[in-house]
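Peer 1: Just one file: final22.csv, with CSV, C-alpha atoms (C1' of nucleotides).
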chain,number,residue,atom,x,y,z
W,1,MET,CA,-3.2,28.9,-18.3
W,2,GLU,CA,-5.5,30.5,-15.8
W,3,GLN,CA,-5.2,28.1,-12.9
W,4,ASP,CA,-6.6,30.6,-10.4
W,5,ASN,CA,-10.0,29.5,-11.6
W,6,LEU,CA,-9.5,25.9,-10.9
W,7,PRO,CA,-10.6,24.3,-7.6
W,8,LEU,CA,-7.5,24.6,-5.4
W,9,GLY,CA,-8.1,21.2,-3.8
W,10,MET,CA,-8.3,19.4,-7.1
W,11,VAL,CA,-5.0,21.0,-8.3
W,12,VAL,CA,-3.0,20.3,-5.2
W,13,GLY,CA,-4.8,17.0,-4.7
W,14,GLN,CA,-3.5,15.7,-8.0
W,15,MET,CA,0.1,16.7,-7.1
W,16,MET,CA,-0.2,15.0,-3.7
W,17,HIS,CA,-1.6,11.9,-5.4
W,18,GLU,CA,1.3,11.6,-7.8
W,19,MET,CA,3.9,12.5,-5.2
W,20,LEU,CA,2.6,10.0,-2.6
W,21,ARG,CA,2.3,7.3,-5.3
W,22,VAL,CA,6.1,7.5,-5.8
W,23,LEU,CA,6.7,7.8,-2.1
W,24,LYS,CA,4.6,4.7,-1.3
W,25,LYS,CA,6.3,2.8,-4.1
W,26,ARG,CA,9.8,3.6,-2.8
W,27,ASP,CA,8.8,2.9,0.8
W,28,ILE,CA,7.6,-0.6,-0.3
W,29,GLU,CA,10.7,-1.2,-2.3
W,30,LYS,CA,13.3,0.1,0.1
W,31,ALA,CA,11.9,0.1,3.6
W,32,GLU,CA,12.3,-2.8,6.0
W,33,ILE,CA,8.9,-2.1,7.5
W,34,PRO,CA,6.7,-0.3,4.9
W,35,LEU,CA,3.8,1.7,6.4
W,36,THR,CA,0.9,3.6,5.0
W,37,ILE,CA,1.2,7.4,4.7
W,38,GLU,CA,-1.2,7.9,7.7
W,39,GLN,CA,1.0,5.7,9.9
W,40,HIS,CA,4.1,7.6,8.9
W,41,ALA,CA,2.3,10.8,9.6
W,42,VAL,CA,1.6,9.7,13.2
W,43,LEU,CA,5.2,8.7,13.7
W,44,HIS,CA,6.4,12.0,12.2
W,45,ILE,CA,4.3,14.1,14.6
W,46,LEU,CA,5.5,12.0,17.6
W,47,ASN,CA,9.0,12.7,16.4
W,48,VAL,CA,8.7,16.5,15.9
W,49,LYS,CA,6.7,17.3,19.0
W,50,GLU,CA,8.9,18.7,21.7
W,51,SER,CA,7.0,17.1,24.6
W,52,ASP,CA,5.5,13.7,25.0
W,53,VAL,CA,2.1,13.2,23.4
W,54,ILE,CA,-1.1,11.4,24.5
W,55,LEU,CA,-3.7,10.2,22.1
W,56,LYS,CA,-6.1,13.1,22.5
W,57,GLU,CA,-3.3,15.5,21.7
W,58,MET,CA,-2.3,13.5,18.6
W,59,ALA,CA,-6.0,13.6,17.4
W,60,ASP,CA,-6.1,17.3,17.9
W,61,ALA,CA,-2.8,17.8,16.1
W,62,MET,CA,-4.0,15.8,13.1
W,63,GLY,CA,-7.5,17.1,13.2
W,64,LYS,CA,-9.0,13.7,13.3
W,65,ASP,CA,-11.3,11.7,15.6
W,66,LYS,CA,-9.5,10.0,18.4
W,67,SER,CA,-10.9,6.6,17.5
W,68,ALA,CA,-9.2,7.0,14.1
W,69,ILE,CA,-5.9,7.7,15.7
W,70,LEU,CA,-6.4,4.9,18.1
W,71,ARG,CA,-6.7,2.3,15.3
W,72,ILE,CA,-3.5,3.6,13.7
W,73,ILE,CA,-1.7,3.5,17.1
W,74,ASP,CA,-3.0,-0.1,17.5
W,75,VAL,CA,-1.2,-1.1,14.3
W,76,LEU,CA,2.0,0.7,15.1
W,77,GLU,CA,2.0,-0.9,18.5
W,78,LYS,CA,1.5,-4.3,17.0
W,79,LYS,CA,4.5,-3.7,14.8
W,80,GLU,CA,6.5,-2.6,17.9
W,81,LEU,CA,7.1,0.9,16.6
W,82,VAL,CA,5.3,2.6,19.5
W,83,ARG,CA,4.3,1.7,23.1
W,84,ARG,CA,1.7,3.2,25.3
W,85,ALA,CA,2.9,4.4,28.7
W,86,ILE,CA,0.5,5.2,31.4
W,87,ASP,CA,0.9,8.5,33.3
W,88,GLN,CA,1.5,7.7,36.9
W,89,LYS,CA,-0.2,10.9,38.0
W,90,ASP,CA,-3.3,10.5,35.8
W,91,ARG,CA,-4.0,7.0,34.8
W,92,ARG,CA,-6.4,8.1,32.1
W,93,LYS,CA,-3.5,9.5,30.1
W,94,LYS,CA,-1.4,7.2,28.0
W,95,TYR,CA,1.8,8.6,26.4
W,96,LEU,CA,2.7,7.4,23.0
W,97,MET,CA,6.4,6.5,23.0
W,98,VAL,CA,8.4,5.7,19.9
W,99,THR,CA,10.6,2.6,20.2
W,100,LYS,CA,14.1,2.3,18.9
W,101,LYS,CA,12.7,0.3,16.0
W,102,GLY,CA,10.2,3.1,15.4
W,103,GLU,CA,12.9,5.7,15.3
W,104,GLN,CA,14.7,3.6,12.6
W,105,VAL,CA,11.6,3.5,10.5
W,106,ILE,CA,11.2,7.3,10.9
W,107,GLU,CA,14.8,7.9,9.8
W,108,GLU,CA,14.5,5.5,6.9
W,109,PHE,CA,11.3,7.3,5.7
W,110,TYR,CA,12.9,10.7,6.1
W,111,LYS,CA,15.8,9.6,3.8
W,112,ILE,CA,13.4,8.2,1.2
W,113,ASP,CA,11.3,11.4,1.4
W,114,GLU,CA,14.3,13.7,1.2
W,115,GLU,CA,15.7,12.0,-1.8
W,116,LEU,CA,12.3,12.3,-3.6
W,117,ARG,CA,12.0,15.9,-2.5
W,118,GLU,CA,15.4,16.8,-4.1
W,119,GLU,CA,14.3,15.2,-7.4
W,120,LEU,CA,11.0,17.0,-7.4
W,121,LYS,CA,12.5,20.4,-6.6
W,122,GLU,CA,15.0,20.1,-9.5
W,123,GLY,CA,14.5,23.2,-11.6
W,124,LEU,CA,12.9,25.2,-8.9
W,125,THR,CA,14.8,28.1,-7.2
W,126,LYS,CA,15.1,28.4,-3.4
W,127,GLU,CA,13.0,31.6,-3.6
W,128,GLU,CA,10.2,29.8,-5.5
W,129,MET,CA,10.2,27.0,-2.9
W,130,LYS,CA,10.2,29.6,-0.1
W,131,ILE,CA,7.1,31.2,-1.5
W,132,PHE,CA,5.5,27.9,-2.0
W,133,TYR,CA,6.0,26.9,1.6
W,134,MET,CA,4.8,30.3,2.7
W,135,VAL,CA,1.6,30.0,0.7
W,136,VAL,CA,1.0,26.5,2.1
W,137,CYS,CA,1.4,27.8,5.7
W,138,HIS,CA,-0.8,30.8,5.0
W,139,ILE,CA,-3.6,28.7,3.6
W,140,LYS,CA,-3.4,26.2,6.4
W,141,LYS,CA,-3.6,28.9,9.0
W,142,LYS,CA,-6.5,30.5,7.3
W,143,ALA,CA,-8.4,27.2,7.0
W,144,GLU,CA,-7.8,26.5,10.7
W,145,GLN,CA,-9.6,29.7,11.6
W,146,LEU,CA,-12.7,28.6,9.6
X,1,MET,CA,11.8,28.4,9.9
X,2,GLU,CA,13.7,26.0,7.8
X,3,GLN,CA,10.7,24.2,6.3
X,4,ASP,CA,12.8,22.8,3.5
X,5,ASN,CA,13.9,20.1,5.8
X,6,LEU,CA,10.4,18.9,6.5
X,7,PRO,CA,8.8,16.1,4.6
X,8,LEU,CA,7.0,17.8,1.7
X,9,GLY,CA,4.0,15.5,1.9
X,10,MET,CA,3.5,16.1,5.6
X,11,VAL,CA,3.5,19.9,5.2
X,12,VAL,CA,1.2,20.0,2.2
X,13,GLY,CA,-0.9,17.1,3.6
X,14,GLN,CA,-1.8,19.1,6.7
X,15,MET,CA,-2.8,22.1,4.6
X,16,MET,CA,-5.0,19.8,2.4
X,17,HIS,CA,-6.5,18.3,5.5
X,18,GLU,CA,-7.5,21.6,7.0
X,19,MET,CA,-8.7,23.0,3.7
X,20,LEU,CA,-10.8,19.9,2.8
X,21,ARG,CA,-12.2,19.9,6.3
X,22,VAL,CA,-13.8,23.3,5.7
X,23,LEU,CA,-14.8,22.4,2.2
X,24,LYS,CA,-16.6,19.2,3.4
X,25,LYS,CA,-18.2,21.0,6.2
X,26,ARG,CA,-19.6,23.7,3.8
X,27,ASP,CA,-20.6,21.1,1.3
X,28,ILE,CA,-22.7,19.3,3.9
X,29,GLU,CA,-24.2,22.5,5.1
X,30,LYS,CA,-25.0,24.1,1.8
X,31,ALA,CA,-25.2,21.5,-0.9
X,32,GLU,CA,-28.4,19.8,-1.9
X,33,ILE,CA,-26.5,16.6,-2.6
X,34,PRO,CA,-23.3,16.4,-0.5
X,35,LEU,CA,-20.6,14.2,-1.9
X,36,THR,CA,-17.2,13.0,-0.8
X,37,ILE,CA,-14.1,14.7,-2.1
X,38,GLU,CA,-13.3,11.8,-4.4
X,39,GLN,CA,-16.8,11.8,-5.9
X,40,HIS,CA,-16.4,15.5,-6.6
X,41,ALA,CA,-13.0,14.9,-8.1
X,42,VAL,CA,-14.5,12.4,-10.6
X,43,LEU,CA,-17.3,14.8,-11.6
X,44,HIS,CA,-14.7,17.6,-11.9
X,45,ILE,CA,-12.6,15.7,-14.3
X,46,LEU,CA,-15.6,14.7,-16.4
X,47,ASN,CA,-16.4,18.4,-16.5
X,48,VAL,CA,-13.1,19.7,-17.6
X,49,LYS,CA,-12.1,17.1,-20.1
X,50,GLU,CA,-12.8,18.3,-23.6
X,51,SER,CA,-13.9,15.0,-25.0
X,52,ASP,CA,-16.1,12.3,-23.6
X,53,VAL,CA,-14.4,9.9,-21.2
X,54,ILE,CA,-14.5,6.1,-20.6
X,55,LEU,CA,-13.7,4.5,-17.3
X,56,LYS,CA,-10.2,3.4,-18.3
X,57,GLU,CA,-9.4,7.0,-19.2
X,58,MET,CA,-10.8,8.3,-15.9
X,59,ALA,CA,-8.7,5.8,-14.0
X,60,ASP,CA,-5.6,6.9,-16.0
X,61,ALA,CA,-6.4,10.6,-15.4
X,62,MET,CA,-6.7,10.1,-11.7
X,63,GLY,CA,-3.9,7.6,-11.4
X,64,LYS,CA,-6.0,5.0,-9.7
X,65,ASP,CA,-7.1,1.4,-10.3
X,66,LYS,CA,-10.1,1.1,-12.6
X,67,SER,CA,-12.0,-0.9,-10.0
X,68,ALA,CA,-11.6,2.0,-7.6
X,69,ILE,CA,-13.1,4.4,-10.1
X,70,LEU,CA,-15.8,2.0,-11.0
X,71,ARG,CA,-17.1,1.9,-7.4
X,72,ILE,CA,-17.2,5.7,-7.3
X,73,ILE,CA,-19.0,5.8,-10.6
X,74,ASP,CA,-21.5,3.2,-9.2
X,75,VAL,CA,-22.4,5.6,-6.4
X,76,LEU,CA,-22.6,8.6,-8.7
X,77,GLU,CA,-24.9,6.6,-11.0
X,78,LYS,CA,-27.1,5.6,-8.2
X,79,LYS,CA,-27.5,9.2,-7.2
X,80,GLU,CA,-28.3,10.0,-10.9
X,81,LEU,CA,-25.4,12.3,-11.3
X,82,VAL,CA,-23.8,10.3,-14.2
X,83,ARG,CA,-25.0,7.7,-16.7
X,84,ARG,CA,-23.1,5.1,-18.5
X,85,ALA,CA,-23.5,5.2,-22.3
X,86,ILE,CA,-22.3,2.3,-24.4
X,87,ASP,CA,-20.2,3.2,-27.5
X,88,GLN,CA,-22.1,1.8,-30.6
X,89,LYS,CA,-18.8,1.1,-32.4
X,90,ASP,CA,-17.1,-0.7,-29.6
X,91,ARG,CA,-19.5,-2.2,-27.0
X,92,ARG,CA,-16.7,-2.7,-24.5
X,93,LYS,CA,-16.5,1.1,-24.1
X,94,LYS,CA,-18.9,2.9,-21.8
X,95,TYR,CA,-18.8,6.7,-21.8
X,96,LEU,CA,-19.4,8.5,-18.5
X,97,MET,CA,-22.0,11.2,-19.1
X,98,VAL,CA,-22.8,13.9,-16.5
X,99,THR,CA,-26.6,14.4,-16.1
X,100,LYS,CA,-28.3,17.8,-15.7
X,101,LYS,CA,-28.5,17.0,-12.0
X,102,GLY,CA,-24.8,16.2,-12.0
X,103,GLU,CA,-24.0,19.5,-13.7
X,104,GLN,CA,-25.9,21.4,-10.9
X,105,VAL,CA,-23.9,19.6,-8.3
X,106,ILE,CA,-20.7,20.5,-10.1
X,107,GLU,CA,-21.7,24.2,-10.3
X,108,GLU,CA,-22.7,24.3,-6.7
X,109,PHE,CA,-19.5,22.7,-5.5
X,110,TYR,CA,-17.4,25.2,-7.7
X,111,LYS,CA,-19.2,28.1,-5.9
X,112,ILE,CA,-18.5,26.7,-2.5
X,113,ASP,CA,-14.9,26.1,-3.5
X,114,GLU,CA,-14.4,29.5,-5.1
X,115,GLU,CA,-15.8,31.3,-2.0
X,116,LEU,CA,-13.4,29.3,0.2
X,117,ARG,CA,-10.5,29.9,-2.1
X,118,GLU,CA,-11.0,33.7,-2.0
X,119,GLU,CA,-11.0,33.6,1.8
X,120,LEU,CA,-7.9,31.4,1.9
X,121,LYS,CA,-6.0,33.6,-0.6
X,122,GLU,CA,-6.6,36.8,1.4
X,123,GLY,CA,-3.3,38.3,2.1
X,124,LEU,CA,-1.5,36.6,-0.7
X,125,THR,CA,-0.5,38.5,-3.9
X,126,LYS,CA,-1.3,37.3,-7.4
X,127,GLU,CA,2.4,36.8,-7.9
X,128,GLU,CA,2.7,34.5,-4.9
X,129,MET,CA,-0.3,32.5,-6.0
X,130,LYS,CA,1.1,32.2,-9.5
X,131,ILE,CA,4.4,30.9,-8.2
X,132,PHE,CA,2.5,28.5,-5.9
X,133,TYR,CA,0.5,27.0,-8.8
X,134,MET,CA,3.7,26.8,-10.9
X,135,VAL,CA,5.5,24.9,-8.2
X,136,VAL,CA,2.5,22.5,-7.8
X,137,CYS,CA,2.4,21.8,-11.5
X,138,HIS,CA,6.2,21.4,-11.6
X,139,ILE,CA,6.2,18.8,-8.8
X,140,LYS,CA,3.2,16.9,-10.3
X,141,LYS,CA,5.0,16.7,-13.7
X,142,LYS,CA,8.2,15.5,-12.1
X,143,ALA,CA,6.4,12.9,-10.0
X,144,GLU,CA,4.6,11.6,-13.0
X,145,GLN,CA,7.9,10.8,-14.6
X,146,LEU,CA,9.0,8.7,-11.7
Y,1,DG,C1',-17.5,12.4,51.8
Y,2,DT,C1',-20.8,12.0,48.1
Y,3,DT,C1',-22.6,13.1,43.8
Y,4,DA,C1',-22.2,15.2,39.3
Y,5,DT,C1',-19.4,16.6,35.6
Y,6,DT,C1',-15.5,16.3,32.7
Y,7,DT,C1',-11.7,14.0,30.5
Y,8,DA,C1',-9.1,10.1,28.2
Y,9,DG,C1',-9.4,6.1,25.9
Y,10,DT,C1',-12.0,2.2,23.8
Y,11,DT,C1',-15.4,-0.4,21.1
Y,12,DG,C1',-19.0,-1.4,17.7
Y,13,DA,C1',-21.1,-0.2,13.7
Y,14,DT,C1',-21.1,1.9,9.4
Y,15,DA,C1',-19.4,4.2,5.2
Y,16,DT,C1',-15.9,5.2,1.8
Y,17,DA,C1',-11.7,4.4,-0.7
Y,18,DT,C1',-8.2,1.5,-2.6
Y,19,DG,C1',-5.7,-2.2,-5.1
Y,20,DC,C1',-4.9,-6.8,-6.7
Y,21,DA,C1',-6.2,-10.9,-9.1
Y,22,DA,C1',-9.3,-13.2,-11.8
Y,23,DC,C1',-13.0,-13.1,-14.5
Y,24,DT,C1',-16.4,-12.1,-18.8
Y,25,DA,C1',-17.3,-9.8,-23.1
Y,26,DA,C1',-15.7,-7.6,-27.0
Y,27,DT,C1',-12.3,-6.2,-30.4
Y,28,DC,C1',-8.1,-6.6,-32.8
Y,29,DT,C1',-4.1,-9.2,-34.6
Y,30,DT,C1',-2.0,-13.0,-36.7
S,1,DA,C1',-10.3,-19.5,-36.6
S,2,DA,C1',-7.3,-18.9,-32.8
S,3,DG,C1',-4.6,-16.1,-29.9
S,4,DA,C1',-3.7,-11.6,-27.8
S,5,DT,C1',-5.3,-7.4,-26.1
S,6,DT,C1',-8.7,-4.2,-24.2
S,7,DA,C1',-12.7,-2.5,-21.2
S,8,DG,C1',-15.3,-3.3,-17.6
S,9,DT,C1',-16.7,-6.1,-13.5
S,10,DT,C1',-16.5,-8.8,-9.2
S,11,DG,C1',-14.6,-10.8,-5.0
S,12,DC,C1',-11.7,-10.1,-1.4
S,13,DA,C1',-8.8,-7.8,1.7
S,14,DT,C1',-7.1,-3.7,3.9
S,15,DA,C1',-7.1,1.0,5.6
S,16,DT,C1',-9.1,5.2,7.2
S,17,DA,C1',-12.7,7.8,9.0
S,18,DT,C1',-16.7,9.3,12.0
S,19,DC,C1',-20.3,8.9,15.3
S,20,DA,C1',-22.4,7.2,19.4
S,21,DA,C1',-22.0,4.9,23.5
S,22,DC,C1',-19.3,2.9,26.7
S,23,DT,C1',-15.7,2.4,30.9
S,24,DA,C1',-12.3,4.3,34.0
S,25,DA,C1',-10.3,8.1,36.2
S,26,DA,C1',-9.9,12.8,37.7
S,27,DT,C1',-12.0,17.1,38.9
S,28,DA,C1',-15.7,20.1,40.5
S,29,DA,C1',-19.6,21.1,43.2
S,30,DC,C1',-22.2,20.6,47.2
Show this structure as structure tokens.
Peer 2:
Amino acid sequence: MEQDNLPLGMVVGQMMHEMLRVLKKRDIEKAEIPLTIEQHAVLHILNVKESDVILKEMADAMGKDKSAILRIIDVLEKKELVRRAIDQKDRRKKYLMVTKKGEQVIEEFYKIDEELREELKEGLTKEEMKIFYMVVCHIKKKAEQL
Amino acid sequence: MEQDNLPLGMVVGQMMHEMLRVLKKRDIEKAEIPLTIEQHAVLHILNVKESDVILKEMADAMGKDKSAILRIIDVLEKKELVRRAIDQKDRRKKYLMVTKKGEQVIEEFYKIDEELREELKEGLTKEEMKIFYMVVCHIKKKAEQL
DNA sequence: GTTATTTAGTTGATATATGCAACTAATCTT
DNA sequence: AAGATTAGTTGCATATATCAACTAAATAAC
């Protein structure tokens, strides 16, 4: 099957859709505080960034409008998963801090995701997964330059 | 870099986001009738399916609720890109037909997508792309079973 | 020190997508 | 003929997204 001729977004989009469908389902079933994928994505980035993050930086990191990120932060704050902390030196800046509760939600989601990932990878070699991730990174970097 | 430990959805999601950002931008710049990605996805599936498709089948194919597909079809119909055709034998069934105008939109989008795809693939071998698509298919099939 | 510019965050408005439940119309099964 | 199933539709609620315009705060220019 000559997939090379298929729209890349359609092919990968369908895989994402199926995978996220299962992820959402399991998050709803197992998690104490189920969140949407976008909300998890925000928490994830707060978790992996080495330094503290303000809203503008989060918007840049996710390639989205700051008002979109702000609405997501509003919900996460309401659920007490993050708090806004004002920078003493520059009162315009508000740092997004993950609460203890938020960290629990992150760990819980990582477990659910890791379990699913293991199931999905079954039958694939480490070398195939390595190439897969490499291609994903390559395409992302290329797209970022456009 | 041990990407294997990162949430699969996050990694691929970021790639999709960057890629779709460029695709949307070019669609808006170049296309006569710019559509959203979801609208293009519906047209794409209508295009690649060998037999004619009713709404229920489209919903199944995309893994979404039929009411969600129906709203998208409503918009595409309003833009005269598709028409609903009632099955004479079973008046519950309405076939989704792509108009000539719709076919033009599909071709236009395929061109934009193919051009982008070539740019994104630059630096990747055919073998690497082959493995990438194989992994995507594998993961989609596995997820479908869950 | 004052004014202009830039930056960070917020809000309102609008558009799109999504799913669930409940409904109608049509067909099939019993 | 009545009950069950299927296809499509509608109302409602929720989430995400972007743009423009705004306020508050900091920086730059004069």
Peer 1: Counting all atoms listed in the file, figure out which residue out of S:DA28, S:DA7, S:DA17, S:DC22 gets nearest to chain X.
Peer 2: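 Of the candidates, the smallest distance to chain X is held by S:DA7.
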Peer 1: Restrict the calculation to only C-alpha atoms, then for each residue of chain W with any atom at most 8 Å from an atom of chain X give the closest atom pair and their distance in Å to one decimal, rows by chain and rising residue number, as a Markdown table.
Peer 2:
| residue | atom | partner | partner_atom | distance |
| --- | --- | --- | --- | --- |
| W:Gln3 | CA | X:Tyr133 | CA | 7.1 |
| W:Asp4 | CA | X:Met129 | CA | 7.9 |
| W:Asn5 | CA | X:Glu114 | CA | 7.8 |
| W:Pro7 | CA | X:Asp113 | CA | 6.2 |
| W:Leu8 | CA | X:Arg117 | CA | 6.9 |
| W:Gly9 | CA | X:Met16 | CA | 7.1 |
| W:Met10 | CA | X:Ala41 | CA | 6.6 |
| W:Val11 | CA | X:Val136 | CA | 7.7 |
| W:Val12 | CA | X:Val136 | CA | 6.5 |
| W:Gly13 | CA | X:Met16 | CA | 7.6 |
| W:Gln14 | CA | X:Lys140 | CA | 7.2 |
| W:Met15 | CA | X:Lys140 | CA | 4.5 |
| W:Met16 | CA | X:Gly9 | CA | 7.0 |
| W:His17 | CA | X:Gly63 | CA | 7.7 |
| W:Glu18 | CA | X:Ala143 | CA | 5.7 |
| W:Met19 | CA | X:Ala143 | CA | 5.4 |
| W:Leu20 | CA | X:Gly9 | CA | 7.2 |
| W:Val22 | CA | X:Leu146 | CA | 6.7 |
| W:Ala41 | CA | X:Met10 | CA | 6.7 |
| W:Met62 | CA | X:Gln14 | CA | 7.5 |
| W:Gly63 | CA | X:Glu18 | CA | 7.7 |
| W:Tyr110 | CA | X:Pro7 | CA | 6.9 |
| W:Asp113 | CA | X:Pro7 | CA | 6.2 |
| W:Glu114 | CA | X:Pro7 | CA | 6.9 |
| W:Arg117 | CA | X:Leu8 | CA | 6.8 |
| W:Glu119 | CA | X:Lys142 | CA | 7.7 |
| W:Leu120 | CA | X:Ile139 | CA | 5.3 |
| W:Lys121 | CA | X:Ile139 | CA | 6.9 |
| W:Leu124 | CA | X:Val135 | CA | 7.4 |
| W:Glu128 | CA | X:Ile131 | CA | 6.5 |
| W:Met129 | CA | X:Val135 | CA | 7.4 |
| W:Ile131 | CA | X:Glu128 | CA | 6.5 |
| W:Phe132 | CA | X:Phe132 | CA | 5.0 |
| W:Tyr133 | CA | X:Gln3 | CA | 7.2 |
| W:Val135 | CA | X:Phe132 | CA | 6.8 |
| W:Val136 | CA | X:Met15 | CA | 6.3 |
| W:Cys137 | CA | X:Met15 | CA | 7.2 |
| W:His138 | CA | X:Leu120 | CA | 7.8 |
| W:Ile139 | CA | X:Leu120 | CA | 5.4 |
| W:Lys140 | CA | X:Met15 | CA | 4.5 |
| W:Lys142 | CA | X:Leu120 | CA | 5.7 |
| W:Ala143 | CA | X:Met19 | CA | 5.3 |
| W:Glu144 | CA | X:Glu18 | CA | 6.1 |
| W:Leu146 | CA | X:Val22 | CA | 6.7 |
Peer 1: When the cut-off is 9 Å and we count only C-alpha atoms (C1' of nucleotides), which residues of chain Y are near chain W, given as JSON, numbers by chain?
Peer 2: {"Y": [7, 8, 9, 10]}
Peer 1: Enter the distance from CA of Val105 (chain X) to C1' of DT9 (chain S), in Å, rounded to one decimal.
Peer 2: 27.2 Å
Peer 1: Just how far from CA of Ile28 (chain W) is CA of Ile69 (chain W), in Å to one decimal?
Peer 2: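 These atoms are spaced 22.5 Å apart.
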Peer 1: For DA13 (chain Y), please output as JSON, numbers by chain all residues within 12 Å (counting all atoms listed in the file; exclusion window: fewer than 5 positions along the same chain).
Peer 2: {"S": [18, 19, 20, 21]}
